[in-house]
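Student: Following this line is run_12.cif, made up of mmCIF, C-alpha atoms:
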```
data_model
loop_
_atom_site.label_atom_id
_atom_site.label_comp_id
_atom_site.auth_asym_id
_atom_site.auth_seq_id
_atom_site.Cartn_x
_atom_site.Cartn_y
_atom_site.Cartn_z
CA MET A 1 19.35 6.87 -82.56
CA LEU A 2 19.92 3.10 -82.75
CA VAL A 3 17.10 0.76 -81.75
CA LEU A 4 18.96 -2.34 -80.52
CA LEU A 5 17.47 -5.72 -79.70
CA GLY A 6 19.19 -7.65 -76.92
CA PRO A 7 20.69 -11.16 -77.04
CA SER A 8 17.94 -12.53 -74.75
CA PHE A 9 15.54 -12.48 -77.73
CA ASP A 10 14.54 -16.15 -78.10
CA SER A 11 14.88 -16.23 -81.93
CA SER A 12 11.92 -18.56 -82.37
CA GLU A 13 9.90 -18.36 -85.57
CA ALA A 14 6.89 -17.06 -83.65
CA SER A 15 9.01 -14.35 -82.00
CA TYR A 16 10.45 -13.28 -85.35
CA GLN A 17 6.95 -13.00 -86.77
CA ALA A 18 5.75 -10.96 -83.79
CA LEU A 19 8.77 -8.69 -84.11
CA ALA A 20 8.09 -8.22 -87.82
CA ARG A 21 4.54 -7.11 -87.04
CA ALA A 22 5.75 -4.72 -84.33
CA THR A 23 8.48 -3.09 -86.43
CA GLY A 24 7.01 -3.24 -89.92
CA LEU A 25 10.13 -5.01 -91.19
CA VAL A 26 9.95 -8.07 -93.41
CA LEU A 27 10.91 -11.39 -91.88
CA TYR A 28 13.91 -11.93 -94.16
CA ASP A 29 15.36 -8.53 -93.26
CA LEU A 30 14.83 -9.14 -89.55
CA LYS A 31 16.66 -12.47 -89.64
CA ASN A 32 19.62 -10.75 -91.28
CA ARG A 33 19.68 -8.04 -88.62
CA VAL A 34 18.98 -10.18 -85.55
CA LYS A 35 21.19 -13.19 -84.87
CA PRO A 36 20.59 -15.60 -81.97
CA GLY A 37 22.47 -14.68 -78.80
CA ALA A 38 23.78 -11.34 -80.07
CA TRP A 39 22.80 -7.69 -80.11
CA GLY A 40 21.13 -6.62 -83.34
CA CYS A 41 20.19 -3.25 -84.79
CA LEU A 42 16.50 -3.13 -85.69
CA LYS A 43 16.41 0.43 -86.98
CA VAL A 44 18.36 3.67 -87.15
CA VAL A 45 15.86 6.45 -86.36
CA GLY A 46 16.79 10.09 -86.88
CA ASP A 47 13.96 11.58 -84.81
CA LEU A 48 14.36 11.06 -81.05
CA GLY A 49 10.63 11.14 -80.41
CA GLN A 50 9.96 8.46 -83.00
CA ALA A 51 12.78 6.32 -81.62
CA ARG A 52 11.36 6.56 -78.10
CA GLU A 53 7.86 5.73 -79.31
CA LEU A 54 9.11 2.64 -81.13
CA GLY A 55 11.25 1.60 -78.18
CA SER A 56 8.35 1.96 -75.73
CA ARG A 57 6.06 -0.04 -77.99
CA LEU A 58 8.59 -2.86 -78.34
CA LEU A 59 9.29 -2.96 -74.60
CA ALA A 60 5.58 -3.12 -73.87
CA ALA A 61 5.36 -6.08 -76.25
CA GLY A 62 8.07 -7.87 -74.26
CA PHE A 63 11.04 -7.36 -76.57
CA PRO A 64 14.45 -6.62 -74.92
CA VAL A 65 15.12 -3.27 -76.59
CA VAL A 66 17.36 -0.30 -75.72
CA LEU A 67 17.96 3.00 -77.50
CA VAL A 68 21.61 3.97 -77.98
CA ASP A 69 22.80 7.27 -79.40
CA GLN A 70 24.98 6.57 -82.44
CA LEU A 71 27.44 9.22 -81.24
CA VAL A 72 28.42 6.84 -78.41
CA ALA A 73 30.49 4.96 -81.00
CA HIS A 74 32.69 8.03 -81.51
CA ASP A 75 32.58 9.50 -77.98
CA PRO A 76 36.10 10.68 -77.02
CA ASP A 77 35.21 10.28 -73.33
CA ARG A 78 34.94 6.53 -73.85
CA ARG A 79 38.70 6.20 -74.22
CA LEU A 80 40.52 2.89 -74.29
CA VAL A 81 42.91 2.32 -71.38
CA THR A 82 45.41 -0.50 -71.88
CA VAL A 83 45.58 -3.15 -69.14
CA HIS A 84 48.95 -4.83 -68.56
CA ARG A 85 47.95 -7.38 -65.91
CA ILE A 86 44.87 -8.55 -64.01
CA GLU A 87 44.69 -10.21 -60.60
CA LEU A 88 41.39 -11.98 -59.87
CA ARG A 89 40.38 -12.03 -56.20
CA ASP A 90 37.33 -13.17 -54.24
CA SER A 91 35.14 -10.06 -54.45
CA ASP A 92 37.11 -7.80 -56.79
CA PHE A 93 39.90 -7.71 -59.34
CA ARG A 94 42.97 -5.53 -59.70
CA LEU A 95 43.93 -3.86 -62.94
CA ASP A 96 47.56 -2.96 -63.55
CA LEU A 97 47.58 0.00 -65.93
CA LYS A 98 50.59 1.78 -67.36
CA ASP A 99 51.10 4.16 -64.44
CA ARG A 100 48.78 2.95 -61.66
CA GLN A 101 46.76 0.12 -60.18
CA MET A 102 43.00 0.02 -59.71
CA THR A 103 40.83 -2.29 -57.61
CA ILE A 104 37.35 -2.82 -59.04
CA PRO A 105 34.45 -4.85 -57.58
CA TYR A 106 33.02 -7.48 -59.90
CA GLY A 107 29.62 -5.82 -59.59
CA ALA A 108 30.90 -2.75 -61.45
CA LEU A 109 31.45 -4.75 -64.64
CA THR A 110 28.64 -4.76 -67.21
CA CYS A 111 30.09 -6.87 -70.04
CA VAL A 112 33.23 -7.92 -71.88
CA VAL A 113 33.61 -7.48 -75.65
CA GLU A 114 36.22 -9.73 -77.28
CA GLY A 115 37.48 -9.76 -80.85
CA GLU A 116 40.25 -8.84 -83.26
CA VAL A 117 41.48 -5.27 -83.54
CA GLN A 118 43.00 -4.06 -86.80
CA PRO A 119 44.81 -0.75 -86.18
CA GLY A 120 44.26 1.65 -89.03
CA ARG A 121 41.06 0.01 -90.28
CA SER A 122 38.59 2.68 -91.38
CA SER A 123 34.85 2.40 -91.80
CA SER A 124 35.17 2.53 -95.61
CA ALA A 125 37.48 -0.50 -95.54
CA THR A 126 34.71 -2.67 -94.05
CA ARG A 127 32.24 -2.15 -96.87
CA GLY A 128 32.07 -3.88 -100.21
CA PRO A 129 32.70 -2.27 -103.60
CA GLN A 130 30.37 0.52 -104.61
CA GLN A 131 28.07 0.23 -107.59
CA GLY A 132 29.26 2.01 -110.68
CA SER A 133 32.95 1.78 -109.80
CA PRO A 134 35.26 1.38 -112.78
CA SER A 135 36.37 -2.07 -113.84
CA SER A 136 39.99 -3.21 -113.79
CA GLY A 137 40.07 -2.85 -117.58
CA SER A 138 39.85 0.93 -117.30
CA PHE A 139 43.19 1.17 -115.44
CA ARG A 140 46.72 1.03 -116.79
CA ALA A 141 49.78 -0.23 -114.98
CA VAL A 142 51.86 2.47 -113.31
CA ALA A 143 55.31 1.89 -111.85
CA PRO A 144 55.16 3.18 -108.23
CA GLY A 145 57.82 5.56 -106.98
CA LEU A 146 59.64 5.42 -103.64
CA THR A 147 57.00 7.55 -101.92
CA GLU A 148 54.16 5.31 -103.08
CA MET A 149 56.01 2.14 -102.06
CA GLN A 150 56.73 3.51 -98.59
CA GLY A 151 53.10 4.51 -98.19
CA PHE A 152 52.05 1.00 -99.19
CA ARG A 153 54.44 -0.57 -96.66
CA ASP A 154 53.17 1.76 -93.93
CA SER A 155 49.56 0.84 -94.68
CA LEU A 156 50.40 -2.86 -94.42
CA GLY A 157 52.10 -2.27 -91.09
CA ASN A 158 49.03 -0.54 -89.72
CA GLN A 159 46.79 -3.47 -90.65
CA VAL A 160 48.46 -6.06 -88.40
CA GLY A 161 45.66 -7.30 -86.18
CA TYR A 162 45.71 -8.49 -82.59
CA LEU A 163 43.23 -10.06 -80.20
CA ALA A 164 41.74 -7.89 -77.48
CA ALA A 165 38.99 -7.78 -74.91
CA ASP A 166 37.28 -4.64 -73.59
CA LEU A 167 35.95 -4.45 -70.02
CA HIS A 168 32.97 -2.10 -69.72
CA PHE A 169 31.74 -0.63 -66.43
CA ALA A 170 28.43 0.63 -65.09
CA THR A 171 29.48 4.02 -63.69
CA VAL A 172 32.44 5.18 -65.80
CA HIS A 173 32.78 5.69 -69.54
CA TRP A 174 36.41 4.71 -70.04
CA VAL A 175 37.07 1.17 -71.26
CA ALA A 176 39.76 -1.19 -69.92
CA ARG A 177 41.34 -2.99 -72.89
CA ILE A 178 43.25 -6.25 -72.61
CA ASP A 179 45.68 -5.82 -75.50
CA THR A 180 47.33 -9.20 -76.12
CA ARG A 181 50.42 -7.52 -77.59
CA VAL A 182 51.39 -6.16 -74.16
CA PHE A 183 49.27 -8.08 -71.64
CA ASP A 184 51.09 -10.29 -69.11
CA PHE A 185 49.32 -13.66 -68.89
CA GLY A 186 51.88 -14.91 -66.37
CA ASP A 187 54.54 -17.59 -66.52
CA ALA A 188 52.20 -20.58 -66.40
CA ARG A 189 51.07 -20.38 -70.04
CA SER A 190 48.92 -23.31 -71.12
CA GLY A 191 48.18 -22.55 -74.77
CA GLY A 192 48.05 -19.97 -77.52
CA VAL A 193 47.05 -16.34 -77.18
CA ALA A 194 43.46 -16.96 -78.27
CA SER A 195 42.86 -19.68 -75.67
CA GLU A 196 44.64 -17.69 -72.95
CA LEU A 197 42.53 -14.62 -73.65
CA GLY A 198 39.31 -16.62 -73.91
CA GLY A 199 40.00 -18.41 -70.64
CA LEU A 200 40.76 -15.19 -68.78
CA VAL A 201 37.70 -13.42 -70.18
CA ASP A 202 35.43 -16.33 -69.30
CA ALA A 203 36.83 -16.42 -65.75
CA ILE A 204 36.24 -12.70 -65.25
CA ALA A 205 32.72 -12.91 -66.70
CA ALA A 206 31.82 -15.91 -64.54
CA ARG A 207 32.86 -14.13 -61.35
CA ALA A 208 31.10 -10.92 -62.33
CA GLY A 209 28.01 -12.63 -63.69
CA VAL A 210 28.16 -10.73 -66.98
CA ARG A 211 27.98 -11.62 -70.63
CA VAL A 212 30.92 -12.01 -73.04
CA ASP A 213 30.23 -10.61 -76.51
CA ARG A 214 32.16 -12.19 -79.38
CA ALA A 215 29.75 -11.27 -82.19
CA VAL A 216 31.58 -8.39 -83.90
CA LYS A 217 32.01 -10.37 -87.14
CA THR A 218 28.30 -11.13 -87.55
CA SER A 219 26.32 -8.50 -85.64
CA SER A 220 24.41 -5.80 -87.52
CA VAL A 221 25.48 -3.40 -84.75
CA ALA A 222 29.01 -3.48 -86.14
CA THR A 223 27.70 -2.48 -89.55
CA VAL A 224 25.89 0.63 -88.32
CA GLY A 225 28.53 1.42 -85.72
CA ASP A 226 31.35 2.02 -88.19
CA GLN A 227 29.31 4.53 -90.18
CA PRO A 228 30.24 8.20 -89.63
CA PRO A 229 27.71 10.07 -87.45
CA SER A 230 25.24 12.54 -88.93
CA LEU A 231 26.68 16.03 -89.24
CA ARG A 232 23.36 17.47 -88.14
CA SER A 233 23.59 15.78 -84.77
CA ALA A 234 27.32 16.26 -84.20
CA SER A 235 28.66 19.08 -82.05
CA TRP A 236 31.62 21.30 -82.92
CA PRO A 237 34.41 20.51 -83.49
CA PRO A 238 33.43 17.52 -85.64
CA VAL A 239 33.59 14.15 -83.91
CA SER A 240 36.28 12.93 -86.32
CA GLN A 241 38.59 15.66 -85.01
CA ARG A 242 37.89 14.85 -81.36
CA ILE A 243 38.44 11.12 -81.42
CA ARG A 244 41.42 10.21 -79.29
CA GLU A 245 44.35 8.32 -80.73
CA GLU A 246 43.25 5.13 -78.94
CA ALA A 247 40.36 4.62 -81.40
CA LEU A 248 42.41 3.09 -84.20
CA ASP A 249 39.95 0.49 -85.50
CA GLN A 250 36.76 2.11 -86.69
CA ARG A 251 34.89 -1.21 -86.66
CA PHE A 252 35.82 -3.04 -83.46
CA ASP A 253 36.30 0.08 -81.33
CA THR A 254 32.95 1.59 -82.28
CA TYR A 255 31.19 -1.77 -81.94
CA SER A 256 32.66 -2.30 -78.48
CA ARG A 257 31.49 1.12 -77.28
CA LEU A 258 27.95 0.57 -78.58
CA ILE A 259 27.69 -2.89 -76.98
CA GLY A 260 29.06 -1.57 -73.69
CA GLU A 261 26.43 1.18 -73.61
CA ALA A 262 23.65 -1.22 -74.64
CA GLU A 263 24.55 -3.61 -71.81
CA ARG A 264 24.69 -0.73 -69.32
CA LEU A 265 21.21 0.48 -70.35
CA ALA A 266 19.83 -3.06 -70.34
CA ARG A 267 21.02 -3.48 -66.76
CA GLN A 268 19.14 -0.32 -65.78
CA ASN A 269 15.93 -1.72 -67.31
CA VAL A 270 16.07 -4.90 -65.21
#
```
The structure in this file should be written as structure tokens.
Tutor:
Amino acid sequence: MLVLLGPSFDSSEASYQALARATGLVLYDLKNRVKPGAWGCLKVVGDLGQARELGSRLLAAGFPVVLVDQLVAHDPDRRLVTVHRIELRDSDFRLDLKDRQMTIPYGALTCVVEGEVQPGRSSSATRGPQQGSPSSGSFRAVAPGLTEMQGFRDSLGNQVGYLAADLHFATVHWVARIDTRVFDFGDARSGGVASELGGLVDAIAARAGVRVDRAVKTSSVATVGDQPPSLRSASWPPVSQRIREEALDQRFDTYSRLIGEAERLARQNV
């Protein structure tokens, strides 16, 4: 169970010190885990009862905390549905999906998570080198064959990134993804893809009164989110075998799901 601290935490020195006393964590560690204006992971607690006790204690002390099951990051029901076009209207917006259209009230939106997706990125690719790994001096040069070269080219092709934004909702688990490779921004383009996406996301968020999360590169939630779930808590078949094909980036996709669930739970606590 992840104990997440919300972006409304004021990040003052006094608040950090109070949080350190409440969690038992040292101040330096807390400041690495909790960044201003972003969700941060305070602790990963294996026992549900202990997680609830800590969460209740922090809430009673006035800290914006939610508990999110780590399996949410790998939940196949939270599938990514590609959006091809969006029409913003007065009280709702229309999503054009591959095979249908959907009209959604702004009040159903809980947050938008924006960032770069790298198809094929695995959780192991996001971590640094392990201690005790052999040095380059222990290897000898080997001329690659055709099979190895093709595999290398394929891996490079899978790493081409693209900008995306995920729309999360209060009552459904599926996620609407604005994939800039296929999204239609319209004929009146005013800038590059990044500015077009940012402008659209900000417009949607302003009308819905929700937060835009762009902290995937710095948030500690991304670090814990891309870790494989505990086998003791996973059901059968293993989660890795049940993940749908849409979950191609084990860092951004898992982070987006965790943030979406955290925002949904935070709304319930208001």
Student: Please provide as a ChimeraX atom specification all residues within 12 Å of Val34 (chain A), with the sequence filter that same-chain residues fewer than 2 positions apart are discarded (counting only C-alpha atoms).
Tutor: /A:3-12,15-16,19-20,25,27-32,36-43,65,215,218-221
Student: Go ahead and dump the residues you just picked, C-alpha atoms, as a PDB file, in the frame of the given file.
Tutor:
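Printed below is result-v1.pdb as written:
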```pdb
ATOM      1  CA  VAL A   3      17.100   0.760 -81.750  1.00  0.00           C
ATOM      2  CA  LEU A   4      18.960  -2.340 -80.520  1.00  0.00           C
ATOM      3  CA  LEU A   5      17.470  -5.720 -79.700  1.00  0.00           C
ATOM      4  CA  GLY A   6      19.190  -7.650 -76.920  1.00  0.00           C
ATOM      5  CA  PRO A   7      20.690 -11.160 -77.040  1.00  0.00           C
ATOM      6  CA  SER A   8      17.940 -12.530 -74.750  1.00  0.00           C
ATOM      7  CA  PHE A   9      15.540 -12.480 -77.730  1.00  0.00           C
ATOM      8  CA  ASP A  10      14.540 -16.150 -78.100  1.00  0.00           C
ATOM      9  CA  SER A  11      14.880 -16.230 -81.930  1.00  0.00           C
ATOM     10  CA  SER A  12      11.920 -18.560 -82.370  1.00  0.00           C
ATOM     11  CA  SER A  15       9.010 -14.350 -82.000  1.00  0.00           C
ATOM     12  CA  TYR A  16      10.450 -13.280 -85.350  1.00  0.00           C
ATOM     13  CA  LEU A  19       8.770  -8.690 -84.110  1.00  0.00           C
ATOM     14  CA  ALA A  20       8.090  -8.220 -87.820  1.00  0.00           C
ATOM     15  CA  LEU A  25      10.130  -5.010 -91.190  1.00  0.00           C
ATOM     16  CA  LEU A  27      10.910 -11.390 -91.880  1.00  0.00           C
ATOM     17  CA  TYR A  28      13.910 -11.930 -94.160  1.00  0.00           C
ATOM     18  CA  ASP A  29      15.360  -8.530 -93.260  1.00  0.00           C
ATOM     19  CA  LEU A  30      14.830  -9.140 -89.550  1.00  0.00           C
ATOM     20  CA  LYS A  31      16.660 -12.470 -89.640  1.00  0.00           C
ATOM     21  CA  ASN A  32      19.620 -10.750 -91.280  1.00  0.00           C
ATOM     22  CA  PRO A  36      20.590 -15.600 -81.970  1.00  0.00           C
ATOM     23  CA  GLY A  37      22.470 -14.680 -78.800  1.00  0.00           C
ATOM     24  CA  ALA A  38      23.780 -11.340 -80.070  1.00  0.00           C
ATOM     25  CA  TRP A  39      22.800  -7.690 -80.110  1.00  0.00           C
ATOM     26  CA  GLY A  40      21.130  -6.620 -83.340  1.00  0.00           C
ATOM     27  CA  CYS A  41      20.190  -3.250 -84.790  1.00  0.00           C
ATOM     28  CA  LEU A  42      16.500  -3.130 -85.690  1.00  0.00           C
ATOM     29  CA  LYS A  43      16.410   0.430 -86.980  1.00  0.00           C
ATOM     30  CA  VAL A  65      15.120  -3.270 -76.590  1.00  0.00           C
ATOM     31  CA  ALA A 215      29.750 -11.270 -82.190  1.00  0.00           C
ATOM     32  CA  THR A 218      28.300 -11.130 -87.550  1.00  0.00           C
ATOM     33  CA  SER A 219      26.320  -8.500 -85.640  1.00  0.00           C
ATOM     34  CA  SER A 220      24.410  -5.800 -87.520  1.00  0.00           C
ATOM     35  CA  VAL A 221      25.480  -3.400 -84.750  1.00  0.00           C
TER      36      VAL A 221
END
```
Student: So that I can see what lies close to Leu109 (chain A), please list as a PyMOL selection string the residues with an atom at most 7 Å from it, counting only C-alpha atoms and leaving out residues fewer than 4 positions away in the same chain.
Tutor: chain A and resi 168-170+208
Student: How many Å separate CA of Asp166 (chain A) from CA of Val112 (chain A)?
Tutor: 5.5 Å
Student: From the list A:Asp77, A:Glu263, A:Asp202, A:Asp253, which residue is nearest Gly115 (chain A) when using all atoms listed in the file?
Tutor: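 The answer is A:Asp253, which sits nearest to Gly115 (chain A).
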Student: Using Å and a single decimal, report how far CA of Ile204 (chain A) sits from CA of Phe183 (chain A).
Tutor: 15.2 Å
